[in-house]
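A.B. asks: Take this structure, written in structure tokens, and hold onto it; I'll ask about it next.
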Amino acid sequence: MKLQYIFKSIVCVITFALVLSSCESFLGEDPLDEKTTGQFWKTESDAITGVNALYFGGVPYLHNIDVDGGWTPKATMWGGVMSGLFIDKRKDRTFTNASEGGNFNIESFDATSQKMWTEFYIGISRANFVIENVPTMTDVLSDAQIANFVAQGKFFRAYAYSYLVKEYGDVPYIDKPYTSLEGIYVERTPSAQVYANIETDLLDIIGGSALPNVSFYDNDGYVTRPMAQTLLANVYLQWAGAPVNGGNEYYTKAANMAINVINGGQHALIQPGGSSTDIESAYNVIKTTKSSNEIIYAKEYNQTSYNVGNSYAVRSIGTDAFQWKNANDASVFKPGGDVLYNAYLPSELLLNSYHPDDIRNMEKQFFFQEYTDDTGVSHTLNNVGNWAWFDSGSLINGRNGDYNMPIFRYAEVLLIAAEGLARTGNEADARGYLNQVRTRAGLANVTSSGDALIQAILTERFHEFPLEFKIWDDIRRTRLYPQPNGVESGSLNWVPLSSAVIQNKPEGQTKVGAIPEYALLWPIPLSEMQANTALEGNQNPGWN
């Protein structure tokens with residue numbers, strides 16, 4: 001596992017700076033090496049340190065960024081809260097209140113946008129330093145090491161830009177490390193070109209032998225070929241939809257790349273013939289595993305051994321759980337810090353849309369309401385909690401947890417293949433991939449075609465990944481929003497966003513057209529526009 005190496009040599013590779021030692025604290029530690037760029041990139045240890053830093057900044061760090069500090073929605077949750085399909089119960093943050101009120105103004109969203117923008121470019125800067133410097137280290141690295149380290153750099157550069165372009169549209173594309181102030185003012189590159197650059201990086205590392213063709217955990221949590229293929233399949237799916245609207249060419253590419261992962265044989269569903277409904281179910285294994293090959297990529301945590309902890313557990317339940325007493329009149333849970341309300345409560349629309357046979361919505365699969373403590377006392381939550389994040393060891397002991405957070409799973413690969421094929425006319429194969437996911441969930445096969453098949457796939461994505469932060473991306477690329485289609489029907493109607501009845505605007509209420517289309521892209525942070533003269537006057541439409 002890479003975590004053990006991080007604590008041997010921690011270094012920060014930064015954006016717009018000349019020395020490695022002057023950046024933000026990395027994993028809460030001071031850099032152990034204070035070297036200028038001229039001193040760094042000299043030893044094998046330097047190279048390994050630079051590569052390891054890729055996994056703990058940029059996009060992966062969205063799992064650590066809060067709105068304004070404290071136990072509030074993480075950056076991974078912001079899209080779900082904006083959609084109204086998930087609810088931040090605390091409600092004392094500008095971002096949440098503006099989102100629930102449908103007040104999509106730049107004053108309310110600028111600070112939040114700045115956090116994402118900055119983190120993405122930190123990740124890009126780290127990747128650029130690796131890509132630029134590692135090839136020069138021929139005296140201390142083998143050819144195979146150089147190829148592998150550069151491939152990891154290209155993966156994370158592509159990963160960061162795939163988020164930037166879907167969150168902001170046209171963005172400055174920077175592919176060299178900054179070692180001076182020269183050339184720091186960069187104009188926005190058209191989205192289609194950014195996507196093309198991402199594609200170039202990923203095809204380059206997929207096509208060669210630099211990345212091992214093994215599963216994530218079999219590679220100690222480092223980048224693999226299936227990881228790069230899955231990222232590219234996701235990128236093609238984005239590219240096919242709005243706002244670039246690449247269409248069938250990219251739906252076909254998305255399906256083909258997903259099928260490459262499927263045919264590669266490195267990954268598979270847990271309990272593919274139908275999951276159990278108990279604590280040993282596939283969905284509970286997904287929650288706890290650090291070995292299953294259903295996981296293609298995960299954000300790794302290990303509070304126990306390395307003090308790098310998962311803080312999702314304290315966002316898995318409401319404050320009422322911290323009033324629970326056991327048979328000895330002692331508190332059941334000890335808050336790990338200032339634990340507040342559930343920051344990502346599933347909406348009634350989501351919970352009510354699952355079919356009664358769907359294992360994923362059964363107690364202690366993705367969600368829960370009942371808990372029995374160690375002394376045998378049973379407790380009931382006021383609101384449905386997120387079992388997929390629940391970690392009793394973390395909550396009982398008042399600390400962060402050890403569970404990893406899935407980022408890409410094999411189920412998503414199947415559904416990307418299904419959607420790409422369905423949208424380009426190969427409905428039989430599309431149903432086959434879709435029904436693999438449904439069979440595991442205890443559901444009957446879908447036999448529909450046309451738009452009904454597309455709607456079934458979108459619904460399946462929502463039901464399969466409710467706590468893995470896919471819904472805002474799906475709304476953004478399809479410009480569709482889910483509507484109820486009968487309680488426990490197992491289906492949803494996906495209608496144009498502009499005319500949709502939007503949930504929880506504010507909480508407990510609905511509002512037609514509460515999300516303007518311009519809000520699907522974040523505003524360019526005002527401080528960036530002021531600092532970069534090439535961005536001046538070039539704000540995303542609607543946010544002016």
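Numbering starts fresh at 1 for the residues of each chain in the structure tokens, the chains themselves are lettered A, B, ... in the order given, and ligands are numbered from 1 as they appear.
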Just want the 10 Å neighbourhood of Pro466 in chain A, counted on only C-alpha atoms, with same-chain residues fewer than 2 positions away dropped. Output as a PDB file with C-alpha atoms, in the first residue's frame.
C.D. replies:
ATOM      1  CA  GLY A  80     -25.605  16.355  -5.018  1.00  0.00           C
ATOM      2  CA  LEU A  85     -31.509  15.109  -4.480  1.00  0.00           C
ATOM      3  CA  PHE A  86     -29.350  15.127  -1.342  1.00  0.00           C
ATOM      4  CA  PRO A 346     -30.771  10.982   0.651  1.00  0.00           C
ATOM      5  CA  LEU A 350     -34.457   8.526  -4.227  1.00  0.00           C
ATOM      6  CA  LEU A 351     -35.476   6.308  -1.326  1.00  0.00           C
ATOM      7  CA  ARG A 360     -29.588  -1.858  -2.244  1.00  0.00           C
ATOM      8  CA  PHE A 366     -26.649   1.515   1.255  1.00  0.00           C
ATOM      9  CA  PHE A 367     -28.903   3.079   3.912  1.00  0.00           C
ATOM     10  CA  ASN A 386     -25.927   6.374   4.989  1.00  0.00           C
ATOM     11  CA  ALA A 388     -22.310   2.800   3.062  1.00  0.00           C
ATOM     12  CA  GLU A 460     -29.748   2.243 -12.481  1.00  0.00           C
ATOM     13  CA  ARG A 461     -26.793   4.620 -12.186  1.00  0.00           C
ATOM     14  CA  PHE A 462     -28.692   6.635  -9.563  1.00  0.00           C
ATOM     15  CA  HIS A 463     -29.667   3.503  -7.628  1.00  0.00           C
ATOM     16  CA  GLU A 464     -26.237   1.858  -7.841  1.00  0.00           C
ATOM     17  CA  GLU A 468     -20.498   7.781  -4.899  1.00  0.00           C
ATOM     18  CA  PHE A 469     -21.311  11.226  -6.287  1.00  0.00           C
ATOM     19  CA  LYS A 470     -22.321  10.493  -9.878  1.00  0.00           C
ATOM     20  CA  ILE A 471     -25.750  12.179 -10.059  1.00  0.00           C
TER      21      ILE A 471
END
A.B. asks: Skipping near chain neighbours, those fewer than 5 positions away, what residues fall within 8 Å of range 186-201 of chain A using only C-alpha atoms, listed as a ChimeraX atom specification?
C.D. replies: /A:154-155,157-158,161-162,165,169-174,232,235,239,244,532,534-535
A.B. asks: Generate a file of the selected residues that holds N, CA and C atoms, formatted as a PDB file, in the first residue's frame.
C.D. replies:
ATOM      1  N   LYS A 154       0.658  11.226 -16.113  1.00  0.00           N
ATOM      2  CA  LYS A 154      -0.329  11.521 -17.163  1.00  0.00           C
ATOM      3  C   LYS A 154      -1.739  11.119 -16.744  1.00  0.00           C
ATOM      4  N   PHE A 155      -1.857  10.024 -15.990  1.00  0.00           N
ATOM      5  CA  PHE A 155      -3.180   9.647 -15.487  1.00  0.00           C
ATOM      6  C   PHE A 155      -3.755  10.765 -14.628  1.00  0.00           C
ATOM      7  N   ARG A 157      -2.856  13.936 -14.423  1.00  0.00           N
ATOM      8  CA  ARG A 157      -3.118  15.169 -15.170  1.00  0.00           C
ATOM      9  C   ARG A 157      -4.437  15.050 -15.917  1.00  0.00           C
ATOM     10  N   ALA A 158      -4.666  13.924 -16.559  1.00  0.00           N
ATOM     11  CA  ALA A 158      -5.923  13.700 -17.264  1.00  0.00           C
ATOM     12  C   ALA A 158      -7.108  13.708 -16.294  1.00  0.00           C
ATOM     13  N   TYR A 161      -7.868  17.337 -15.316  1.00  0.00           N
ATOM     14  CA  TYR A 161      -8.502  18.093 -16.401  1.00  0.00           C
ATOM     15  C   TYR A 161      -9.900  17.560 -16.716  1.00  0.00           C
ATOM     16  N   SER A 162     -10.133  16.258 -16.503  1.00  0.00           N
ATOM     17  CA  SER A 162     -11.478  15.738 -16.756  1.00  0.00           C
ATOM     18  C   SER A 162     -12.478  16.356 -15.791  1.00  0.00           C
ATOM     19  N   VAL A 165     -12.792  20.407 -16.787  1.00  0.00           N
ATOM     20  CA  VAL A 165     -13.571  20.717 -17.985  1.00  0.00           C
ATOM     21  C   VAL A 165     -15.057  20.451 -17.762  1.00  0.00           C
ATOM     22  N   GLY A 169     -16.131  24.013 -17.967  1.00  0.00           N
ATOM     23  CA  GLY A 169     -16.132  24.226 -19.410  1.00  0.00           C
ATOM     24  C   GLY A 169     -14.729  24.560 -19.883  1.00  0.00           C
ATOM     25  N   ASP A 170     -14.592  25.590 -20.694  1.00  0.00           N
ATOM     26  CA  ASP A 170     -13.285  26.010 -21.188  1.00  0.00           C
ATOM     27  C   ASP A 170     -12.393  26.419 -20.012  1.00  0.00           C
ATOM     28  N   VAL A 171     -11.170  25.899 -19.975  1.00  0.00           N
ATOM     29  CA  VAL A 171     -10.243  26.213 -18.882  1.00  0.00           C
ATOM     30  C   VAL A 171      -8.834  26.394 -19.432  1.00  0.00           C
ATOM     31  N   PRO A 172      -7.987  27.142 -18.737  1.00  0.00           N
ATOM     32  CA  PRO A 172      -6.582  27.214 -19.162  1.00  0.00           C
ATOM     33  C   PRO A 172      -5.945  25.831 -19.121  1.00  0.00           C
ATOM     34  N   TYR A 173      -5.321  25.429 -20.214  1.00  0.00           N
ATOM     35  CA  TYR A 173      -4.656  24.124 -20.269  1.00  0.00           C
ATOM     36  C   TYR A 173      -3.162  24.347 -20.118  1.00  0.00           C
ATOM     37  N   ILE A 174      -2.610  23.836 -19.040  1.00  0.00           N
ATOM     38  CA  ILE A 174      -1.199  24.012 -18.703  1.00  0.00           C
ATOM     39  C   ILE A 174      -0.561  22.628 -18.657  1.00  0.00           C
ATOM     40  N   LEU A 232     -10.939   6.975 -19.070  1.00  0.00           N
ATOM     41  CA  LEU A 232     -11.198   7.411 -20.437  1.00  0.00           C
ATOM     42  C   LEU A 232     -12.630   7.096 -20.856  1.00  0.00           C
ATOM     43  N   VAL A 235     -14.599   9.835 -19.467  1.00  0.00           N
ATOM     44  CA  VAL A 235     -14.350  11.060 -20.226  1.00  0.00           C
ATOM     45  C   VAL A 235     -15.145  11.048 -21.530  1.00  0.00           C
ATOM     46  N   TRP A 239     -17.922  13.683 -22.767  1.00  0.00           N
ATOM     47  CA  TRP A 239     -17.675  14.343 -24.048  1.00  0.00           C
ATOM     48  C   TRP A 239     -18.869  14.162 -24.985  1.00  0.00           C
ATOM     49  N   VAL A 244     -20.550  19.901 -24.627  1.00  0.00           N
ATOM     50  CA  VAL A 244     -19.811  19.762 -25.883  1.00  0.00           C
ATOM     51  C   VAL A 244     -20.641  19.021 -26.919  1.00  0.00           C
ATOM     52  N   ASN A 532      -5.258  36.595 -13.320  1.00  0.00           N
ATOM     53  CA  ASN A 532      -4.889  36.186 -14.674  1.00  0.00           C
ATOM     54  C   ASN A 532      -5.554  37.126 -15.664  1.00  0.00           C
ATOM     55  N   ALA A 534      -5.571  37.139 -18.720  1.00  0.00           N
ATOM     56  CA  ALA A 534      -6.139  36.446 -19.873  1.00  0.00           C
ATOM     57  C   ALA A 534      -7.558  35.961 -19.608  1.00  0.00           C
ATOM     58  N   LEU A 535      -7.958  35.927 -18.332  1.00  0.00           N
ATOM     59  CA  LEU A 535      -9.320  35.507 -17.982  1.00  0.00           C
ATOM     60  C   LEU A 535     -10.264  36.683 -17.797  1.00  0.00           C
TER      61      LEU A 535
END
A.B. asks: If we count only C-alpha atoms, what is near Val384 in chain A at a cut-off of 10 Å, once residues fewer than 4 positions away on the same chain are taken out, given as JSON, numbers by chain?
C.D. replies: {"A": [316, 317, 318, 342, 345, 346, 347, 348, 351, 363, 367, 368, 369, 370, 380]}
A.B. asks: Could you turn the residues from that selection into a file that holds N, CA and C atoms, as a PDB file, in the first residue's frame?
C.D. replies:
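New file part.pdb:
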ATOM      1  N   SER A 316     -22.561  10.218   8.193  1.00  0.00           N
ATOM      2  CA  SER A 316     -23.445   9.123   7.789  1.00  0.00           C
ATOM      3  C   SER A 316     -24.754   9.119   8.552  1.00  0.00           C
ATOM      4  N   ILE A 317     -24.847   9.881   9.641  1.00  0.00           N
ATOM      5  CA  ILE A 317     -26.028   9.881  10.506  1.00  0.00           C
ATOM      6  C   ILE A 317     -26.256  11.276  11.062  1.00  0.00           C
ATOM      7  N   GLY A 318     -27.457  11.512  11.608  1.00  0.00           N
ATOM      8  CA  GLY A 318     -27.782  12.799  12.197  1.00  0.00           C
ATOM      9  C   GLY A 318     -27.335  12.912  13.638  1.00  0.00           C
ATOM     10  N   ASN A 342     -26.182  15.188   9.476  1.00  0.00           N
ATOM     11  CA  ASN A 342     -25.887  14.491   8.234  1.00  0.00           C
ATOM     12  C   ASN A 342     -25.757  15.527   7.122  1.00  0.00           C
ATOM     13  N   LEU A 345     -27.955  13.831   3.219  1.00  0.00           N
ATOM     14  CA  LEU A 345     -29.109  12.979   3.484  1.00  0.00           C
ATOM     15  C   LEU A 345     -29.803  12.614   2.176  1.00  0.00           C
ATOM     16  N   PRO A 346     -30.082  11.344   1.899  1.00  0.00           N
ATOM     17  CA  PRO A 346     -30.771  10.982   0.651  1.00  0.00           C
ATOM     18  C   PRO A 346     -32.193  11.518   0.641  1.00  0.00           C
ATOM     19  N   SER A 347     -32.616  12.000  -0.513  1.00  0.00           N
ATOM     20  CA  SER A 347     -33.963  12.559  -0.650  1.00  0.00           C
ATOM     21  C   SER A 347     -35.017  11.456  -0.637  1.00  0.00           C
ATOM     22  N   GLU A 348     -36.242  11.848  -0.313  1.00  0.00           N
ATOM     23  CA  GLU A 348     -37.355  10.909  -0.354  1.00  0.00           C
ATOM     24  C   GLU A 348     -37.570  10.397  -1.772  1.00  0.00           C
ATOM     25  N   LEU A 351     -35.141   7.454  -2.169  1.00  0.00           N
ATOM     26  CA  LEU A 351     -35.476   6.308  -1.326  1.00  0.00           C
ATOM     27  C   LEU A 351     -36.773   5.643  -1.770  1.00  0.00           C
ATOM     28  N   GLU A 363     -32.443  -2.522   4.596  1.00  0.00           N
ATOM     29  CA  GLU A 363     -31.757  -2.061   5.797  1.00  0.00           C
ATOM     30  C   GLU A 363     -30.303  -2.544   5.821  1.00  0.00           C
ATOM     31  N   PHE A 367     -28.296   2.181   2.931  1.00  0.00           N
ATOM     32  CA  PHE A 367     -28.903   3.079   3.912  1.00  0.00           C
ATOM     33  C   PHE A 367     -29.339   2.290   5.148  1.00  0.00           C
ATOM     34  N   PHE A 368     -29.683   3.000   6.215  1.00  0.00           N
ATOM     35  CA  PHE A 368     -30.171   2.316   7.404  1.00  0.00           C
ATOM     36  C   PHE A 368     -30.930   3.286   8.296  1.00  0.00           C
ATOM     37  N   GLN A 369     -31.721   2.703   9.201  1.00  0.00           N
ATOM     38  CA  GLN A 369     -32.397   3.491  10.215  1.00  0.00           C
ATOM     39  C   GLN A 369     -32.310   2.851  11.598  1.00  0.00           C
ATOM     40  N   GLU A 370     -31.956   1.576  11.651  1.00  0.00           N
ATOM     41  CA  GLU A 370     -31.920   0.854  12.932  1.00  0.00           C
ATOM     42  C   GLU A 370     -30.482   0.461  13.274  1.00  0.00           C
ATOM     43  N   THR A 380     -33.255   3.928  16.828  1.00  0.00           N
ATOM     44  CA  THR A 380     -33.813   4.285  15.523  1.00  0.00           C
ATOM     45  C   THR A 380     -33.451   5.724  15.191  1.00  0.00           C
TER      46      THR A 380
END
A.B. asks: So that I can see what lies close to range 411-424 of chain A, please list as a ChimeraX atom specification the residues with an atom at most 7 Å from it, counting only C-alpha atoms and leaving out residues fewer than 3 positions away in the same chain.
C.D. replies: /A:230,248,251-252,254-255,258-259,269,408,427,430-431,433-434,437,454,457
A.B. asks: Please, could you write that set of residues out with C-alpha atoms as a short mmCIF file (atom, residue, chain, number, x, y, z; two decimals), in the first residue's frame?
C.D. replies:
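Final output, saved to part00.cif:
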data_model
loop_
_atom_site.label_atom_id
_atom_site.label_comp_id
_atom_site.auth_asym_id
_atom_site.auth_seq_id
_atom_site.Cartn_x
_atom_site.Cartn_y
_atom_site.Cartn_z
CA THR A 230 -12.15 3.42 -16.97
CA ASN A 248 -22.66 9.07 -31.07
CA TYR A 251 -20.89 7.21 -26.96
CA THR A 252 -19.35 4.53 -29.16
CA ALA A 254 -17.21 5.17 -24.26
CA ALA A 255 -18.81 1.78 -24.83
CA ALA A 258 -15.65 0.09 -21.14
CA ILE A 259 -15.82 -3.21 -23.04
CA LEU A 269 -18.86 -7.88 -9.74
CA PHE A 408 -14.51 3.68 -9.97
CA GLU A 427 -29.78 -2.53 -27.48
CA ALA A 430 -26.81 -2.86 -23.71
CA ARG A 431 -29.52 -4.79 -21.86
CA TYR A 433 -24.64 -5.26 -19.36
CA LEU A 434 -27.44 -3.40 -17.58
CA VAL A 437 -26.01 -4.93 -12.38
CA ILE A 454 -31.89 4.91 -21.69
CA ILE A 457 -29.84 2.91 -17.40
#
